[in-house]
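Source file: final_35.cif. Holds: mmCIF, C-alpha atoms, pLDDT in the B column; chains and numbers go by the auth columns.
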```
data_my_file
#
loop_
_atom_site.group_PDB
_atom_site.id
_atom_site.type_symbol
_atom_site.label_atom_id
_atom_site.label_comp_id
_atom_site.label_asym_id
_atom_site.label_seq_id
_atom_site.Cartn_x
_atom_site.Cartn_y
_atom_site.Cartn_z
_atom_site.B_iso_or_equiv
_atom_site.auth_seq_id
_atom_site.auth_asym_id
ATOM 1 C CA MET A 1 83.883 -31.644 32.408 88.00 1 A
ATOM 2 C CA MET A 2 81.425 -30.368 29.822 93.00 2 A
ATOM 3 C CA ASN A 3 79.465 -32.250 27.184 95.00 3 A
ATOM 4 C CA TYR A 4 78.694 -30.608 23.871 95.00 4 A
ATOM 5 C CA PHE A 5 76.347 -31.654 21.073 96.00 5 A
ATOM 6 C CA THR A 6 75.958 -30.343 17.557 96.00 6 A
ATOM 7 C CA ALA A 7 74.821 -31.495 14.114 94.00 7 A
ATOM 8 C CA GLY A 8 74.550 -30.259 10.575 93.00 8 A
ATOM 9 C CA LEU A 9 77.928 -28.574 10.089 95.00 9 A
ATOM 10 C CA TYR A 10 77.710 -29.180 6.315 93.00 10 A
ATOM 11 C CA GLY A 11 81.388 -28.610 5.634 94.00 11 A
ATOM 12 C CA ASP A 12 81.677 -25.370 7.623 96.00 12 A
ATOM 13 C CA TYR A 13 85.220 -25.846 8.873 97.00 13 A
ATOM 14 C CA GLN A 14 85.308 -22.448 10.599 97.00 14 A
ATOM 15 C CA ALA A 15 82.205 -23.326 12.639 96.00 15 A
ATOM 16 C CA TYR A 16 83.749 -26.691 13.478 97.00 16 A
ATOM 17 C CA LYS A 17 86.955 -25.008 14.686 97.00 17 A
ATOM 18 C CA LYS A 18 84.936 -22.574 16.834 97.00 18 A
ATOM 19 C CA ILE A 19 83.089 -25.446 18.469 96.00 19 A
ATOM 20 C CA THR A 20 86.217 -27.515 19.056 97.00 20 A
ATOM 21 C CA SER A 21 88.043 -24.504 20.488 96.00 21 A
ATOM 22 C CA LEU A 22 85.559 -24.620 23.382 93.00 22 A
ATOM 23 C CA LEU A 23 86.658 -28.097 24.384 96.00 23 A
ATOM 24 C CA GLY A 24 88.781 -28.518 27.458 95.00 24 A
ATOM 25 C CA PRO A 25 90.950 -31.592 27.977 93.00 25 A
ATOM 26 C CA ASP A 26 88.155 -33.512 29.753 95.00 26 A
ATOM 27 C CA ASP A 27 85.268 -32.277 27.592 97.00 27 A
ATOM 28 C CA LYS A 28 83.367 -34.406 25.094 97.00 28 A
ATOM 29 C CA LEU A 29 81.743 -33.433 21.785 97.00 29 A
ATOM 30 C CA TRP A 30 79.167 -35.496 19.929 97.00 30 A
ATOM 31 C CA ILE A 31 78.410 -34.489 16.353 97.00 31 A
ATOM 32 C CA LEU A 32 75.086 -35.994 15.368 96.00 32 A
ATOM 33 C CA GLY A 33 75.694 -36.303 11.651 93.00 33 A
ATOM 34 C CA ASP A 34 75.929 -34.228 8.517 93.00 34 A
ATOM 35 C CA VAL A 35 79.427 -32.806 8.642 95.00 35 A
ATOM 36 C CA LEU A 36 79.630 -33.332 4.873 92.00 36 A
ATOM 37 C CA ASP A 37 78.273 -31.310 1.944 88.00 37 A
ATOM 38 C CA GLY A 38 76.927 -27.788 1.870 82.00 38 A
ATOM 39 C CA ASN A 39 80.302 -26.177 1.175 83.00 39 A
ATOM 40 C CA SER A 40 80.486 -26.297 -2.604 86.00 40 A
ATOM 41 C CA GLU A 41 83.145 -23.551 -2.737 89.00 41 A
ATOM 42 C CA HIS A 42 85.547 -25.447 -0.446 93.00 42 A
ATOM 43 C CA PRO A 43 84.564 -29.124 -0.407 93.00 43 A
ATOM 44 C CA GLU A 44 87.997 -30.004 0.970 95.00 44 A
ATOM 45 C CA ASP A 45 86.850 -28.462 4.261 96.00 45 A
ATOM 46 C CA CYS A 46 84.550 -31.471 4.714 95.00 46 A
ATOM 47 C CA LEU A 47 87.589 -33.719 4.628 96.00 47 A
ATOM 48 C CA LYS A 48 89.492 -31.457 7.049 97.00 48 A
ATOM 49 C CA ILE A 49 86.648 -31.967 9.517 97.00 49 A
ATOM 50 C CA LEU A 50 86.728 -35.751 9.047 97.00 50 A
ATOM 51 C CA ASP A 51 90.513 -35.787 9.432 98.00 51 A
ATOM 52 C CA ASP A 52 90.330 -33.854 12.683 98.00 52 A
ATOM 53 C CA ILE A 53 87.532 -36.016 14.095 98.00 53 A
ATOM 54 C CA GLN A 54 89.613 -39.127 13.468 97.00 54 A
ATOM 55 C CA LEU A 55 92.476 -37.630 15.493 96.00 55 A
ATOM 56 C CA LYS A 56 90.422 -36.610 18.537 96.00 56 A
ATOM 57 C CA GLU A 57 89.402 -39.144 21.155 95.00 57 A
ATOM 58 C CA ASN A 58 86.952 -36.720 22.754 96.00 58 A
ATOM 59 C CA ILE A 59 84.913 -36.181 19.560 97.00 59 A
ATOM 60 C CA THR A 60 82.359 -38.729 18.365 97.00 60 A
ATOM 61 C CA LEU A 61 80.647 -38.491 14.992 97.00 61 A
ATOM 62 C CA VAL A 62 77.316 -40.287 14.747 96.00 62 A
ATOM 63 C CA LEU A 63 76.388 -41.356 11.222 93.00 63 A
ATOM 64 C CA GLY A 64 74.136 -38.913 9.395 91.00 64 A
ATOM 65 C CA ASP A 65 72.453 -39.384 6.061 87.00 65 A
ATOM 66 C CA HIS A 66 75.103 -37.342 4.228 87.00 66 A
ATOM 67 C CA GLU A 67 77.888 -39.524 5.602 91.00 67 A
ATOM 68 C CA TYR A 68 75.916 -42.652 4.695 86.00 68 A
ATOM 69 C CA PHE A 69 75.301 -41.491 1.121 83.00 69 A
ATOM 70 C CA HIS A 70 78.935 -40.575 0.598 85.00 70 A
ATOM 71 C CA ALA A 71 80.152 -43.923 1.932 85.00 71 A
ATOM 72 C CA MET A 72 77.817 -45.783 -0.439 80.00 72 A
ATOM 73 C CA ARG A 73 78.877 -43.592 -3.361 80.00 73 A
ATOM 74 C CA MET A 74 82.592 -44.030 -2.578 81.00 74 A
ATOM 75 C CA PHE A 75 82.250 -47.803 -2.354 75.00 75 A
ATOM 76 C CA ALA A 76 80.288 -47.842 -5.630 75.00 76 A
ATOM 77 C CA GLU A 77 82.814 -45.806 -7.559 72.00 77 A
ATOM 78 C CA VAL A 78 86.056 -47.142 -6.122 71.00 78 A
ATOM 79 C CA GLU A 79 85.496 -50.691 -4.978 63.00 79 A
ATOM 80 C CA SER A 80 83.285 -51.864 -7.829 60.00 80 A
ATOM 81 C CA GLU A 81 85.077 -53.792 -10.539 60.00 81 A
ATOM 82 C CA ASP A 82 82.099 -53.835 -12.865 59.00 82 A
ATOM 83 C CA GLU A 83 78.893 -51.927 -13.518 62.00 83 A
ATOM 84 C CA GLU A 84 76.698 -54.607 -11.923 62.00 84 A
ATOM 85 C CA GLU A 85 78.581 -54.396 -8.617 56.00 85 A
ATOM 86 C CA GLU A 86 78.501 -50.590 -8.751 54.00 86 A
ATOM 87 C CA ASN A 87 74.739 -50.714 -9.193 60.00 87 A
ATOM 88 C CA VAL A 88 74.424 -52.828 -6.023 58.00 88 A
ATOM 89 C CA TRP A 89 76.088 -50.067 -3.984 55.00 89 A
ATOM 90 C CA LEU A 90 74.194 -47.283 -5.735 62.00 90 A
ATOM 91 C CA SER A 91 70.862 -49.075 -5.243 63.00 91 A
ATOM 92 C CA GLU A 92 71.365 -48.477 -1.512 59.00 92 A
ATOM 93 C CA ILE A 93 70.968 -44.734 -2.053 58.00 93 A
ATOM 94 C CA GLU A 94 68.584 -44.785 -4.991 60.00 94 A
ATOM 95 C CA GLY A 95 65.715 -42.359 -4.665 58.00 95 A
ATOM 96 C CA PHE A 96 67.469 -40.095 -2.172 58.00 96 A
ATOM 97 C CA GLU A 97 68.843 -36.706 -3.090 59.00 97 A
ATOM 98 C CA TYR A 98 71.726 -35.011 -1.360 60.00 98 A
ATOM 99 C CA PRO A 99 73.898 -32.033 -2.324 63.00 99 A
ATOM 100 C CA GLY A 100 77.160 -33.947 -2.495 72.00 100 A
ATOM 101 C CA ASP A 101 78.386 -33.320 -6.017 79.00 101 A
ATOM 102 C CA ALA A 102 81.076 -30.782 -5.107 86.00 102 A
ATOM 103 C CA LEU A 103 82.695 -33.156 -2.621 88.00 103 A
ATOM 104 C CA VAL A 104 82.425 -36.112 -5.020 84.00 104 A
ATOM 105 C CA HIS A 105 84.106 -34.127 -7.821 86.00 105 A
ATOM 106 C CA TYR A 106 86.823 -32.870 -5.471 91.00 106 A
ATOM 107 C CA MET A 107 87.635 -36.368 -4.257 90.00 107 A
ATOM 108 C CA LYS A 108 87.763 -37.801 -7.785 87.00 108 A
ATOM 109 C CA GLU A 109 90.094 -35.039 -8.921 91.00 109 A
ATOM 110 C CA PHE A 110 92.483 -34.729 -5.983 95.00 110 A
ATOM 111 C CA LEU A 111 92.461 -38.009 -4.025 94.00 111 A
ATOM 112 C CA THR A 112 93.816 -41.437 -4.804 93.00 112 A
ATOM 113 C CA LYS A 113 91.562 -44.484 -4.701 90.00 113 A
ATOM 114 C CA ASP A 114 93.254 -45.542 -1.459 92.00 114 A
ATOM 115 C CA GLU A 115 92.544 -42.172 0.150 95.00 115 A
ATOM 116 C CA ILE A 116 88.911 -42.339 -0.950 92.00 116 A
ATOM 117 C CA MET A 117 88.608 -45.868 0.439 91.00 117 A
ATOM 118 C CA ASN A 118 90.088 -44.729 3.767 94.00 118 A
ATOM 119 C CA TYR A 119 87.336 -42.108 4.038 94.00 119 A
ATOM 120 C CA ALA A 120 84.696 -44.629 2.910 91.00 120 A
ATOM 121 C CA ASN A 121 85.839 -47.138 5.522 92.00 121 A
ATOM 122 C CA PHE A 122 85.860 -44.486 8.240 95.00 122 A
ATOM 123 C CA LEU A 123 82.319 -43.411 7.333 94.00 123 A
ATOM 124 C CA ALA A 124 81.172 -47.040 7.193 91.00 124 A
ATOM 125 C CA SER A 125 82.607 -47.593 10.674 93.00 125 A
ATOM 126 C CA LEU A 126 80.418 -44.910 12.238 93.00 126 A
ATOM 127 C CA ASP A 127 77.546 -45.922 14.473 92.00 127 A
ATOM 128 C CA VAL A 128 74.006 -44.775 13.710 90.00 128 A
ATOM 129 C CA SER A 129 73.503 -43.972 17.373 90.00 129 A
ATOM 130 C CA ASP A 130 75.331 -43.597 20.646 92.00 130 A
ATOM 131 C CA VAL A 131 74.457 -43.448 24.307 91.00 131 A
ATOM 132 C CA ALA A 132 75.781 -40.875 26.744 92.00 132 A
ATOM 133 C CA MET A 133 75.391 -40.969 30.501 92.00 133 A
ATOM 134 C CA ILE A 134 75.465 -37.481 31.942 92.00 134 A
ATOM 135 C CA ASN A 135 74.672 -36.810 35.607 92.00 135 A
ATOM 136 C CA ASN A 136 73.192 -40.304 35.953 94.00 136 A
ATOM 137 C CA ARG A 137 70.840 -39.717 33.021 95.00 137 A
ATOM 138 C CA ILE A 138 71.025 -41.744 29.843 93.00 138 A
ATOM 139 C CA PHE A 139 70.772 -39.904 26.528 92.00 139 A
ATOM 140 C CA TYR A 140 70.141 -41.741 23.275 91.00 140 A
ATOM 141 C CA LEU A 141 71.936 -39.877 20.490 92.00 141 A
ATOM 142 C CA CYS A 142 71.113 -40.199 16.805 91.00 142 A
ATOM 143 C CA HIS A 143 71.019 -38.055 13.706 90.00 143 A
ATOM 144 C CA GLY A 144 67.297 -38.342 13.071 80.00 144 A
ATOM 145 C CA ALA A 145 64.323 -40.367 14.107 64.00 145 A
ATOM 146 C CA PRO A 146 65.460 -43.834 15.165 58.00 146 A
ATOM 147 C CA SER A 147 63.983 -46.035 12.464 54.00 147 A
ATOM 148 C CA ARG A 148 65.177 -48.357 9.747 54.00 148 A
ATOM 149 C CA MET A 149 65.834 -46.946 6.286 48.00 149 A
ATOM 150 C CA GLU A 150 63.468 -49.473 4.678 53.00 150 A
ATOM 151 C CA ASP A 151 60.618 -48.117 6.815 50.00 151 A
ATOM 152 C CA LYS A 152 60.913 -44.754 5.086 45.00 152 A
ATOM 153 C CA GLU A 153 59.141 -43.921 1.853 42.00 153 A
#
```

As structure tokens, what does this structure read like?
Amino acid sequence: MMNYFTAGLYGDYQAYKKITSLLGPDDKLWILGDVLDGNSEHPEDCLKILDDIQLKENITLVLGDHEYFHAMRMFAEVESEDEEEENVWLSEIEGFEYPGDALVHYMKEFLTKDEIMNYANFLASLDVSDVAMINNRIFYLCHGAPSRMEDKE
């Protein structure tokens, strides 16, 4: 049994497939955030990665900032019935920049509201950290420094 760790795939589906091809039936892969964005030519590849992760019991995605921003944006644009409610969701990501426009435009053009909400709910269900015990050692896994968002400037 092998344990693998990676992060920052940024929509590179080919890299994701290479990594997952290494996995044996008893192996485990943790992806420590940021599978989304970065692939403006093929933003649908981000969704292929998310789809595959949801199907695999031996792959765990830990919430990264790109996943968090997309979940907040999806909830703002789909779930909000009025501008005031949309602004509540968008205020959660105000002041942060992320290169997610290609994926946002793709989703608006090609996905239904239900499909977008399924992705938003999946992203919202992700944990911000995980713990792995390997050879009697405990590893704390997270995307970045373990701190609260409100502590950041």

Self-check item: Residue among A:Lys28, A:Lys56, A:Lys17, A:Lys48 lying closest to A:Met2, counting all atoms listed in the file
Solution: A:Lys28

Quiz prompt | Selected residue, from A:Cys46, A:Ile19, A:Leu29, A:Leu36, that lies nearest to A:Ala132 when counting only C-alpha atoms | solution = A:Leu29

Self-check item: Among the residues A:Val62, A:Leu126, A:Leu50, A:Ile134, the one that comes closest to A:Ala7 [using only C-alpha atoms]
Solution: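 Of the candidates, the smallest distance to A:Ala7 is held by A:Val62.
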
Residues at most 10 Å from stretch 137-146 of chain A, counting all atoms listed in the file, excluding those fewer than 2 positions away in the same chain, as a PDB file with C-alpha atoms, in the frame of the given file?
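Here's the written file selection.pdb:
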```
ATOM      1  CA  PHE A   5      76.347 -31.654  21.073  1.00 96.00           C
ATOM      2  CA  THR A   6      75.958 -30.343  17.557  1.00 96.00           C
ATOM      3  CA  ALA A   7      74.821 -31.495  14.114  1.00 94.00           C
ATOM      4  CA  GLY A   8      74.550 -30.259  10.575  1.00 93.00           C
ATOM      5  CA  TRP A  30      79.167 -35.496  19.929  1.00 97.00           C
ATOM      6  CA  ILE A  31      78.410 -34.489  16.353  1.00 97.00           C
ATOM      7  CA  LEU A  32      75.086 -35.994  15.368  1.00 96.00           C
ATOM      8  CA  GLY A  33      75.694 -36.303  11.651  1.00 93.00           C
ATOM      9  CA  ASP A  34      75.929 -34.228   8.517  1.00 93.00           C
ATOM     10  CA  LEU A  61      80.647 -38.491  14.992  1.00 97.00           C
ATOM     11  CA  VAL A  62      77.316 -40.287  14.747  1.00 96.00           C
ATOM     12  CA  LEU A  63      76.388 -41.356  11.222  1.00 93.00           C
ATOM     13  CA  GLY A  64      74.136 -38.913   9.395  1.00 91.00           C
ATOM     14  CA  ASP A  65      72.453 -39.384   6.061  1.00 87.00           C
ATOM     15  CA  ASP A 127      77.546 -45.922  14.473  1.00 92.00           C
ATOM     16  CA  VAL A 128      74.006 -44.775  13.710  1.00 90.00           C
ATOM     17  CA  SER A 129      73.503 -43.972  17.373  1.00 90.00           C
ATOM     18  CA  ASP A 130      75.331 -43.597  20.646  1.00 92.00           C
ATOM     19  CA  VAL A 131      74.457 -43.448  24.307  1.00 91.00           C
ATOM     20  CA  ALA A 132      75.781 -40.875  26.744  1.00 92.00           C
ATOM     21  CA  MET A 133      75.391 -40.969  30.501  1.00 92.00           C
ATOM     22  CA  ILE A 134      75.465 -37.481  31.942  1.00 92.00           C
ATOM     23  CA  ASN A 135      74.672 -36.810  35.607  1.00 92.00           C
ATOM     24  CA  ARG A 148      65.177 -48.357   9.747  1.00 54.00           C
ATOM     25  CA  MET A 149      65.834 -46.946   6.286  1.00 48.00           C
TER      26      MET A 149
END
```

Quiz item: Got a sec to resolve the PyMOL selection byres ((chain A and resi 123) around 8) on this structure and send the residues as an MDAnalysis selection string?
Solution: chainID A and resid 63 67:68 71 119:122 124:126

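Here atom CA of A:His66 is placed at a distance of 14.1 Å from atom CA of A:Ser40.
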
Exercise. Tell me which of A:Val104, A:Leu9, A:Met1, A:Val78 sits closest to A:Gly38, counting all atoms listed in the file.
Key: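 Once distances to A:Gly38 are computed over all atoms listed in the file, the minimum belongs to A:Leu9.
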